[in-house]
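Containing compact mmCIF, C-alpha atoms: structure_15.txt.
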# COMPACT_ATOMS: atom_id res chain seq x y z
CA MET A 1 39.20 3.34 24.90
CA THR A 2 35.93 2.79 23.10
CA MET A 3 34.97 4.96 20.17
CA ALA A 4 32.27 7.55 20.78
CA SER A 5 29.11 6.52 18.98
CA PHE A 6 25.65 7.77 18.09
CA HIS A 7 22.35 6.09 17.47
CA LEU A 8 21.72 5.46 13.78
CA ARG A 9 18.53 4.36 12.09
CA ILE A 10 18.38 3.61 8.39
CA VAL A 11 14.89 3.16 6.98
CA THR A 12 13.52 2.63 3.49
CA PRO A 13 9.83 2.50 2.53
CA GLU A 14 10.17 -1.30 2.50
CA SER A 15 12.00 -1.96 5.72
CA LEU A 16 14.07 -0.90 8.67
CA VAL A 17 17.60 -1.55 7.39
CA TYR A 18 19.66 -0.67 10.44
CA ASP A 19 18.86 0.37 13.97
CA GLY A 20 21.79 0.59 16.35
CA GLU A 21 24.98 2.35 17.37
CA ALA A 22 27.42 3.69 14.77
CA GLU A 23 30.67 5.61 14.96
CA ARG A 24 30.52 7.42 11.66
CA ILE A 25 28.43 7.68 8.52
CA VAL A 26 29.39 9.16 5.19
CA VAL A 27 26.64 9.80 2.64
CA ARG A 28 26.36 11.49 -0.73
CA THR A 29 24.02 14.49 -0.44
CA VAL A 30 22.72 16.63 -3.28
CA GLN A 31 25.64 18.97 -2.60
CA GLY A 32 28.43 16.45 -2.09
CA ASP A 33 29.64 13.97 0.50
CA VAL A 34 28.95 14.61 4.15
CA ALA A 35 30.36 12.75 7.15
CA ILE A 36 28.43 12.67 10.40
CA LEU A 37 30.33 12.05 13.63
CA PRO A 38 28.95 11.81 17.17
CA ARG A 39 27.59 15.03 18.73
CA HIS A 40 26.68 16.59 15.41
CA ILE A 41 24.30 19.57 15.58
CA ASP A 42 20.67 19.21 14.44
CA TYR A 43 20.89 18.94 10.71
CA LEU A 44 18.76 18.14 7.69
CA THR A 45 19.79 17.53 4.12
CA ALA A 46 18.64 15.77 0.97
CA LEU A 47 20.46 12.71 -0.29
CA GLY A 48 21.64 12.19 -3.81
CA GLU A 49 22.64 8.95 -5.41
CA GLY A 50 25.88 7.27 -4.40
CA GLU A 51 27.83 5.18 -1.97
CA ALA A 52 27.21 5.36 1.77
CA ARG A 53 29.85 4.22 4.26
CA VAL A 54 28.73 3.35 7.75
CA THR A 55 31.28 2.61 10.46
CA TYR A 56 30.06 0.42 13.29
CA GLY A 57 31.80 -2.18 15.40
CA GLY A 58 35.11 -0.78 14.18
CA HIS A 59 34.43 -1.75 10.57
CA VAL A 60 33.36 0.23 7.53
CA HIS A 61 30.27 -1.11 5.80
CA LYS A 62 29.48 0.10 2.33
CA ALA A 63 26.05 0.47 0.79
CA ARG A 64 24.33 1.79 -2.30
CA CYS A 65 22.10 4.64 -1.24
CA CYS A 66 19.69 6.44 -3.52
CA GLY A 67 17.53 9.45 -2.78
CA GLY A 68 15.93 10.48 0.46
CA MET A 69 16.97 12.56 3.44
CA LEU A 70 19.43 12.65 6.29
CA HIS A 71 18.13 13.92 9.59
CA VAL A 72 20.11 14.58 12.76
CA SER A 73 18.25 15.60 15.90
CA GLY A 74 19.38 15.45 19.49
CA GLY A 75 22.41 13.42 18.42
CA ASN A 76 20.30 10.71 16.80
CA VAL A 77 20.82 10.17 13.10
CA GLU A 78 18.17 8.96 10.69
CA VAL A 79 18.70 8.09 7.05
CA LEU A 80 15.48 7.89 5.06
CA SER A 81 16.36 6.50 1.71
CA THR A 82 14.32 5.24 -1.21
CA THR A 83 16.78 2.40 -1.66
CA PHE A 84 19.58 1.35 0.66
CA GLU A 85 21.41 -1.86 -0.12
CA TRP A 86 24.51 -3.15 1.65
CA ILE A 87 27.32 -4.04 -0.70
CA GLU A 88 28.91 -7.33 0.33
CA GLU A 89 32.67 -7.21 0.21
CA MET B 90 -41.16 -37.91 -12.04
CA ALA B 91 -39.31 -38.23 -8.77
CA GLY B 92 -36.33 -39.80 -10.57
CA ALA B 93 -35.85 -36.77 -12.86
CA SER B 94 -35.98 -34.35 -9.96
CA MET B 95 -33.45 -36.47 -8.06
CA LYS B 96 -31.11 -36.27 -11.02
CA ASP B 97 -31.58 -32.48 -11.24
CA ILE B 98 -30.80 -32.07 -7.57
CA LYS B 99 -27.72 -34.25 -7.87
CA LEU B 100 -26.44 -32.12 -10.75
CA ARG B 101 -26.99 -28.94 -8.80
CA ILE B 102 -25.18 -30.36 -5.78
CA ARG B 103 -22.25 -31.25 -7.99
CA SER B 104 -22.09 -27.78 -9.53
CA VAL B 105 -22.37 -26.02 -6.16
CA GLU B 106 -19.69 -28.37 -4.85
CA SER B 107 -17.24 -27.33 -7.57
CA THR B 108 -18.00 -23.64 -6.94
CA ARG B 109 -17.32 -24.23 -3.26
CA GLN B 110 -13.96 -25.77 -4.08
CA ILE B 111 -13.00 -22.72 -6.14
CA THR B 112 -14.10 -20.19 -3.54
CA SER B 113 -12.39 -22.04 -0.72
CA ALA B 114 -9.16 -22.26 -2.75
CA MET B 115 -9.37 -18.51 -3.45
CA GLN B 116 -9.94 -17.91 0.24
CA LEU B 117 -6.78 -19.83 1.14
CA VAL B 118 -4.72 -17.99 -1.47
CA ALA B 119 -6.02 -14.60 -0.34
CA GLY B 120 -5.34 -15.58 3.26
CA SER B 121 -1.70 -16.35 2.62
CA LYS B 122 -1.26 -13.26 0.43
CA LEU B 123 -2.88 -11.22 3.19
CA ARG B 124 -0.25 -12.35 5.70
CA ARG B 125 2.53 -11.20 3.37
CA ALA B 126 0.74 -7.95 2.48
CA ARG B 127 0.19 -7.10 6.14
CA GLN B 128 3.86 -7.60 6.88
CA ARG B 129 4.78 -5.33 3.97
CA MET B 130 2.30 -2.75 5.23
CA GLU B 131 3.76 -2.82 8.76
CA ASP B 132 7.26 -2.39 7.30
CA THR B 133 6.35 0.93 5.68
CA ARG B 134 5.42 2.51 9.02
CA PRO B 135 8.88 3.51 10.37
CA TYR B 136 9.74 5.31 7.13
CA MET B 137 6.49 7.25 7.01
CA THR B 138 6.70 8.32 10.66
CA ALA B 139 10.24 9.58 10.14
CA ALA B 140 9.47 11.23 6.79
CA ARG B 141 6.53 13.14 8.31
CA GLU B 142 8.80 14.44 11.06
CA VAL B 143 11.31 15.68 8.51
CA LEU B 144 8.60 17.48 6.53
CA ALA B 145 7.22 19.00 9.73
CA ASP B 146 10.70 20.29 10.54
CA ILE B 147 10.97 21.95 7.15
CA ALA B 148 7.45 23.36 7.36
CA ALA B 149 8.24 24.83 10.78
CA HIS B 150 11.22 26.73 9.41
CA ARG B 151 10.69 30.48 9.42
CA ASP B 152 11.81 31.24 5.88
CA VAL B 153 9.94 28.57 4.06
CA SER B 154 7.35 29.51 1.53
CA SER B 155 6.80 26.94 -1.12
CA PRO B 156 4.10 25.97 -3.61
CA PHE B 157 4.00 22.65 -1.76
CA PHE B 158 2.47 24.37 1.25
CA THR B 159 0.22 26.81 -0.61
CA ARG B 160 -3.47 25.99 -0.82
CA ARG B 161 -5.25 26.76 -4.10
CA ASP B 162 -8.83 25.61 -3.64
CA GLU B 163 -10.08 26.72 -7.04
CA ALA B 164 -7.37 24.82 -8.90
CA ALA B 165 -7.89 21.71 -10.99
CA GLN B 166 -7.48 18.38 -9.28
CA CYS B 167 -5.52 15.22 -9.90
CA VAL B 168 -6.75 12.01 -8.31
CA VAL B 169 -4.58 9.01 -7.48
CA ALA B 170 -7.04 6.12 -7.31
CA ILE B 171 -5.82 2.82 -5.89
CA ALA B 172 -8.07 -0.14 -6.63
CA GLY B 173 -7.55 -3.85 -7.09
CA ASP B 174 -6.09 -6.00 -9.82
CA ARG B 175 -9.10 -8.28 -9.89
CA GLY B 176 -12.70 -8.44 -8.75
CA LEU B 177 -14.31 -10.96 -6.39
CA ALA B 178 -13.23 -8.93 -3.40
CA GLY B 179 -16.54 -7.86 -1.93
CA HIS B 180 -17.14 -4.13 -2.22
CA TYR B 181 -13.42 -3.29 -2.18
CA ASN B 182 -13.27 -1.82 -5.70
CA ALA B 183 -16.76 -0.35 -5.59
CA ALA B 184 -15.98 1.60 -2.41
CA VAL B 185 -12.95 3.25 -4.03
CA PHE B 186 -14.86 4.05 -7.22
CA SER B 187 -17.76 5.59 -5.33
CA LEU B 188 -15.30 8.13 -3.87
CA ALA B 189 -13.29 8.65 -7.05
CA ASP B 190 -16.08 8.83 -9.65
CA GLY B 191 -17.34 12.26 -8.54
CA PRO B 192 -14.11 14.27 -8.92
CA ILE B 193 -13.09 12.35 -12.04
CA ALA B 194 -16.45 12.97 -13.71
CA ALA B 195 -15.94 16.64 -12.84
CA GLY B 196 -12.81 16.65 -15.00
CA ALA B 197 -10.01 15.74 -12.60
CA GLN B 198 -6.96 14.06 -14.09
CA VAL B 199 -6.33 10.62 -12.75
CA LEU B 200 -3.40 8.36 -11.94
CA PRO B 201 -5.04 4.96 -11.63
CA ILE B 202 -3.26 2.11 -9.84
CA GLY B 203 -4.55 -1.45 -10.20
CA LYS B 204 -6.10 -2.99 -13.29
CA LYS B 205 -9.68 -2.32 -12.21
CA ALA B 206 -9.05 1.40 -11.83
CA VAL B 207 -7.01 1.69 -15.04
CA ASP B 208 -9.70 -0.07 -17.10
CA ARG B 209 -12.58 1.83 -15.57
CA TYR B 210 -11.18 5.30 -16.10
CA ALA B 211 -9.67 4.54 -19.49
CA ARG B 212 -13.12 3.38 -20.60
CA ARG B 213 -14.71 6.55 -19.26
CA GLY B 214 -12.31 8.69 -21.24
CA ALA B 215 -10.71 10.39 -18.22
CA THR B 216 -7.29 12.03 -18.65
CA LEU B 217 -4.86 9.39 -17.41
CA LEU B 218 -1.41 10.42 -16.22
CA SER B 219 -0.25 6.88 -16.82
CA ALA B 220 -1.86 3.52 -17.48
CA ASP B 221 1.22 1.48 -16.61
CA TYR B 222 0.42 0.50 -13.04
CA LEU B 223 -1.79 -2.52 -13.53
CA ARG B 224 -0.56 -4.72 -10.71
CA ALA B 225 -0.90 -2.99 -7.35
CA GLU B 226 0.71 -6.02 -5.74
CA ARG B 227 3.91 -5.63 -7.74
CA ILE B 228 4.50 -1.92 -7.24
CA THR B 229 7.96 -1.12 -5.90
CA PRO B 230 9.32 1.99 -4.15
CA ALA B 231 11.09 2.83 -7.43
CA ASP B 232 7.72 2.84 -9.27
CA CYS B 233 6.35 5.14 -6.59
CA ARG B 234 9.35 7.43 -7.04
CA THR B 235 8.55 7.68 -10.77
CA MET B 236 4.89 8.43 -10.03
CA ALA B 237 5.82 11.00 -7.40
CA THR B 238 8.21 12.80 -9.77
CA ARG B 239 5.50 12.91 -12.41
CA LEU B 240 2.86 14.18 -10.02
CA ILE B 241 5.19 16.90 -8.77
CA GLU B 242 6.13 17.99 -12.29
CA GLY B 243 2.47 18.45 -13.21
CA PHE B 244 1.79 20.19 -9.91
CA LEU B 245 4.62 22.69 -10.33
CA ARG B 246 3.72 23.26 -13.99
CA GLY B 247 0.22 24.16 -12.82
CA ASP B 248 -1.62 21.35 -14.63
CA TYR B 249 -3.44 20.84 -11.34
CA GLY B 250 -3.26 22.55 -7.98
CA ARG B 251 -4.32 19.67 -5.79
CA VAL B 252 -3.38 16.03 -5.69
CA THR B 253 -5.83 13.77 -3.87
CA LEU B 254 -5.27 10.17 -2.94
CA ILE B 255 -8.19 7.75 -2.85
CA GLY B 256 -7.37 4.39 -1.36
CA THR B 257 -8.42 1.98 1.32
CA THR B 258 -7.13 1.86 4.85
CA PHE B 259 -6.67 -1.34 6.80
CA VAL B 260 -8.59 -1.05 10.05
CA SER B 261 -8.60 -4.74 10.87
CA ALA B 262 -8.78 -8.05 9.03
CA MET B 263 -12.58 -7.68 9.06
CA THR B 264 -12.86 -3.94 8.40
CA GLN B 265 -11.37 -1.90 5.57
CA GLU B 266 -12.42 1.65 4.81
CA ALA B 267 -12.10 3.64 1.61
CA PHE B 268 -10.85 7.17 2.23
CA THR B 269 -9.82 10.39 0.49
CA THR B 270 -6.77 12.36 1.54
CA GLU B 271 -4.85 15.37 0.21
CA LEU B 272 -1.29 14.62 -0.90
CA LEU B 273 -0.46 18.02 -2.34
CA PRO B 274 -0.32 20.70 -1.17
CA VAL B 275 1.03 19.33 2.08
CA THR B 276 -1.31 20.35 4.88
CA ALA B 277 -0.46 20.92 8.51
CA ASP B 278 -2.71 18.11 9.74
CA GLN B 279 -0.84 15.69 7.51
CA LEU B 280 2.36 16.48 9.41
CA GLY B 281 1.43 17.40 12.95
CA GLU B 282 3.59 19.51 15.24
CA ALA B 283 7.26 19.95 14.43
CA PRO B 284 8.96 17.78 17.02
CA HIS B 285 12.30 19.59 16.98
CA GLY B 286 13.55 23.15 17.25
CA GLN B 287 15.28 25.06 14.51
CA MET B 288 17.90 23.05 12.70
CA LEU B 289 20.63 23.58 10.18
CA MET B 290 19.39 22.85 6.68
CA GLU B 291 21.44 22.34 3.58
CA PRO B 292 20.50 23.46 0.98
CA ALA B 293 18.14 26.26 2.10
CA PRO B 294 14.64 25.09 3.16
CA GLY B 295 12.94 25.88 -0.17
CA ALA B 296 15.48 23.98 -2.27
CA LEU B 297 15.68 21.23 0.32
CA LEU B 298 11.95 20.76 0.17
CA ARG B 299 12.07 20.61 -3.61
CA ALA B 300 14.73 17.87 -3.31
CA VAL B 301 13.03 15.71 -0.68
CA MET B 302 9.44 16.13 -1.89
CA PRO B 303 9.60 13.27 -4.46
CA ASP B 304 10.95 10.92 -1.79
CA TYR B 305 8.31 11.95 0.73
CA LEU B 306 5.52 11.61 -1.81
CA ALA B 307 6.90 8.28 -3.04
CA GLY B 308 6.83 7.06 0.57
CA CYS B 309 3.20 8.18 0.93
CA LEU B 310 2.23 6.44 -2.30
CA PHE B 311 4.08 3.25 -1.44
CA ALA B 312 2.54 3.11 2.02
CA ALA B 313 -0.92 3.71 0.53
CA VAL B 314 -0.40 0.98 -2.08
CA CYS B 315 0.76 -1.51 0.58
CA ASP B 316 -2.27 -0.65 2.70
CA ALA B 317 -4.57 -1.06 -0.28
CA VAL B 318 -3.10 -4.43 -1.24
CA ALA B 319 -3.57 -5.71 2.31
CA CYS B 320 -7.16 -4.45 2.21
CA GLU B 321 -7.81 -6.11 -1.13
CA MET B 322 -6.57 -9.45 0.17
CA ALA B 323 -8.52 -9.15 3.42
CA SER B 324 -11.61 -8.14 1.50
CA ARG B 325 -11.26 -11.04 -0.93
CA ARG B 326 -10.63 -13.49 1.87
CA ASN B 327 -13.78 -12.36 3.68
CA ALA B 328 -15.85 -12.41 0.49
CA MET B 329 -14.64 -15.89 -0.38
CA ASP B 330 -15.18 -17.04 3.19
CA SER B 331 -18.85 -16.08 3.04
CA ALA B 332 -19.19 -17.49 -0.48
CA THR B 333 -17.80 -20.81 0.78
CA LYS B 334 -20.18 -20.78 3.73
CA ASN B 335 -23.12 -20.03 1.44
CA ALA B 336 -22.14 -22.88 -0.83
CA GLU B 337 -21.95 -25.24 2.14
CA GLN B 338 -25.38 -24.11 3.27
CA MET B 339 -26.76 -24.67 -0.24
CA ILE B 340 -25.20 -28.11 -0.44
CA SER B 341 -26.72 -29.11 2.88
CA ASP B 342 -30.17 -27.78 1.81
CA LEU B 343 -29.92 -29.56 -1.51
CA SER B 344 -28.83 -32.82 0.14
CA LEU B 345 -31.87 -32.58 2.34
CA SER B 346 -34.20 -32.18 -0.63
CA TYR B 347 -32.33 -34.92 -2.46
CA ASN B 348 -32.88 -37.31 0.45
CA ARG B 349 -36.53 -36.33 0.68
CA ALA B 350 -37.01 -36.93 -3.03
CA ARG B 351 -35.25 -40.26 -2.72
CA GLN B 352 -37.34 -41.28 0.28
CA SER B 353 -40.58 -40.26 -1.40
CA SER B 354 -39.72 -42.21 -4.54
CA ILE B 355 -39.01 -45.31 -2.42
CA THR B 356 -42.25 -44.86 -0.50
CA GLN B 357 -44.13 -44.50 -3.74
CA GLU B 358 -42.59 -47.67 -5.14
CA ILE B 359 -43.43 -49.64 -1.99
CA THR B 360 -46.98 -48.34 -2.08
CA GLU B 361 -47.29 -49.42 -5.69
CA ILE B 362 -45.87 -52.90 -4.98
CA VAL B 363 -48.06 -53.38 -1.92
CA ALA B 364 -51.10 -52.20 -3.87
CA GLY B 365 -50.22 -54.70 -6.65
CA ALA B 366 -49.79 -57.60 -4.16
CA GLU B 367 -53.14 -56.96 -2.46
CA HIS B 368 -55.07 -57.48 -5.68
For this file, write the structure as structure tokens.
Amino acid sequence: MTMASFHLRIVTPESLVYDGEAERIVVRTVQGDVAILPRHIDYLTALGEGEARVTYGGHVHKARCCGGMLHVSGGNVEVLSTTFEWIEE
Amino acid sequence: MAGASMKDIKLRIRSVESTRQITSAMQLVAGSKLRRARQRMEDTRPYMTAAREVLADIAAHRDVSSPFFTRRDEAAQCVVAIAGDRGLAGHYNAAVFSLADGPIAAGAQVLPIGKKAVDRYARRGATLLSADYLRAERITPADCRTMATRLIEGFLRGDYGRVTLIGTTFVSAMTQEAFTTELLPVTADQLGEAPHGQMLMEPAPGALLRAVMPDYLAGCLFAAVCDAVACEMASRRNAMDSATKNAEQMISDLSLSYNRARQSSITQEITEIVAGAEH
């Protein structure tokens, strides 16, 4: 069985960081960590500074994410962050 | 007589030649910087499109009333003026200044970006929010975040009720236009229609807006700076292109007069020799 997934786009003012399917994303918002799973309702929040964990292709990818917004609409998820840098394991 | 003028012409040709070398080198440098700057400019687009949608969503929310959306026409103004780091870029800097000088002379505070703008408004004794942003080319999103936070602080404190951006927009490699746009308060035409219905917002819209505003504004500033840098490079490349062409034209005109002078001196010599032989 394949994992349910949603379309995720991560953009910063400098570039499009990620554009593809993802199974889960965890980000630090101004009010604490939030995990987004497929079929989330339309949602908007502000991001704080902290670690983001994106699960795609069955693996968790970590990143440093600072400031910005998280936007879910029609099942599509967008992360607009001032800086978003993958942390190499 | 003719010999002296030949020497003069030769000197002029040499000096025009070295000017041509400089302008054509500057043209090549600007051309390669332009390619990079254009790429950087294109890369800001997805973020800005998405950020505008988010703001439109918040603005469309029923309960939102925020100073960021409230117009105060009588209020003092703050101008963000983006100009170049250097001259020799056609009318690039002059076009920005012609838009910015009016409001700044009328007492608006100013956040100048680019050495030319910083120097100009520091010299004119305008109130500068910061004089740190000398190199428009080197400005990062983090710098823009700092500027945005500062602009918002002053705006909420009531130092000014409007923040205007004056920059240059990249129409094409041949055309760049200086423009003025309102950054704060956020106007409906800046955002367009809200693309989505009502959505869940955490925290409540007002607080959410307060939290995302610096990021949105930083995005606007960064995009504007990237646009302006691309314009500066395009403008410099075009200016240097015509300077190089002018120099080439001058060299060819001067070579023509040099050859004429040379020919006439030879003719004169022959005439003198022939005249001498006949006697």
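With distances restricted to all atoms listed in the file, A:Glu51 is the closest residue to Val26 in chain A from A:Glu51, A:Val72, A:His59, A:Thr83.
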Mind working out the centre and edge lengths of an axis-aligned box for range 213-220 of chain B, all listed atoms inside, 5 Å added to each side, rounded to one decimal in Å and written as JSON?
{"center_x": -7.5, "center_y": 7.8, "center_z": -18.7, "size_x": 24.5, "size_y": 18.5, "size_z": 15.0}
Please, which residues in chain B fall within 6 Å of chain A when counting all atoms listed in the file, and what is the closest atom pair and distance in Å to one decimal for each, ordered by chain then residue number, as a Markdown table?
| residue | atom | partner | partner_atom | distance |
| --- | --- | --- | --- | --- |
| B:Asp132 | CA | A:Ser15 | CA | 5.0 |
| B:Thr133 | CA | A:Pro13 | CA | 4.9 |
| B:Tyr136 | CA | A:Pro13 | CA | 5.4 |
| B:Met288 | CA | A:Asp42 | CA | 5.0 |
| B:Leu289 | CA | A:Tyr43 | CA | 4.7 |
| B:Met290 | CA | A:Leu44 | CA | 4.9 |
| B:Glu291 | CA | A:Thr45 | CA | 5.1 |
| B:Val301 | CA | A:Ala46 | CA | 5.8 |
| B:Asp304 | CA | A:Gly68 | CA | 5.5 |
| B:Gly308 | CA | A:Pro13 | CA | 5.8 |
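Here CA of Glu21 in chain A is placed at a distance of 9.4 Å from CA of Thr55 in chain A.
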Gap from CA of Asp190 in chain B to CA of Met130 in chain B - Å, one decimal: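 Interatomic distance, CA of Asp190 in chain B to CA of Met130 in chain B: 26.3 Å.
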Nearest residue to Glu242 in chain B from the set B:Asp174, B:Phe157, B:Arg213, B:Pro230 (distances using only C-alpha atoms):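 Closest candidate: B:Phe157.
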Straight-line distance linking CA of Gly247 in chain B with CA of Gln166 in chain B, stated in Å to one decimal: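 Distance reported for this atom pair: 10.3 Å.
Residue nearest Ala336 in chain B within the list B:Ile102, B:Ala312, B:Val207, B:Val363: B:Ile102 [criterion: smallest interatomic distance, all atoms listed in the file].
Between His40 in chain A and the candidates A:Met3, A:Val54, A:Cys65, A:Ile25, the tightest atom-to-atom separation, counting all atoms listed in the file, involves A:Ile25.
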Selected residue, from B:Asp316, B:Glu321, B:Glu106, B:Glu367, that lies nearest to Gly173 in chain B when counting all atoms listed in the file: B:Glu321
Polymer residues at most 10 Å from (28.0, 4.4, 19.8) by all atoms listed in the file, as an NGL selection string: :A and (2-8 or 20-24 or 38 or 56-57)
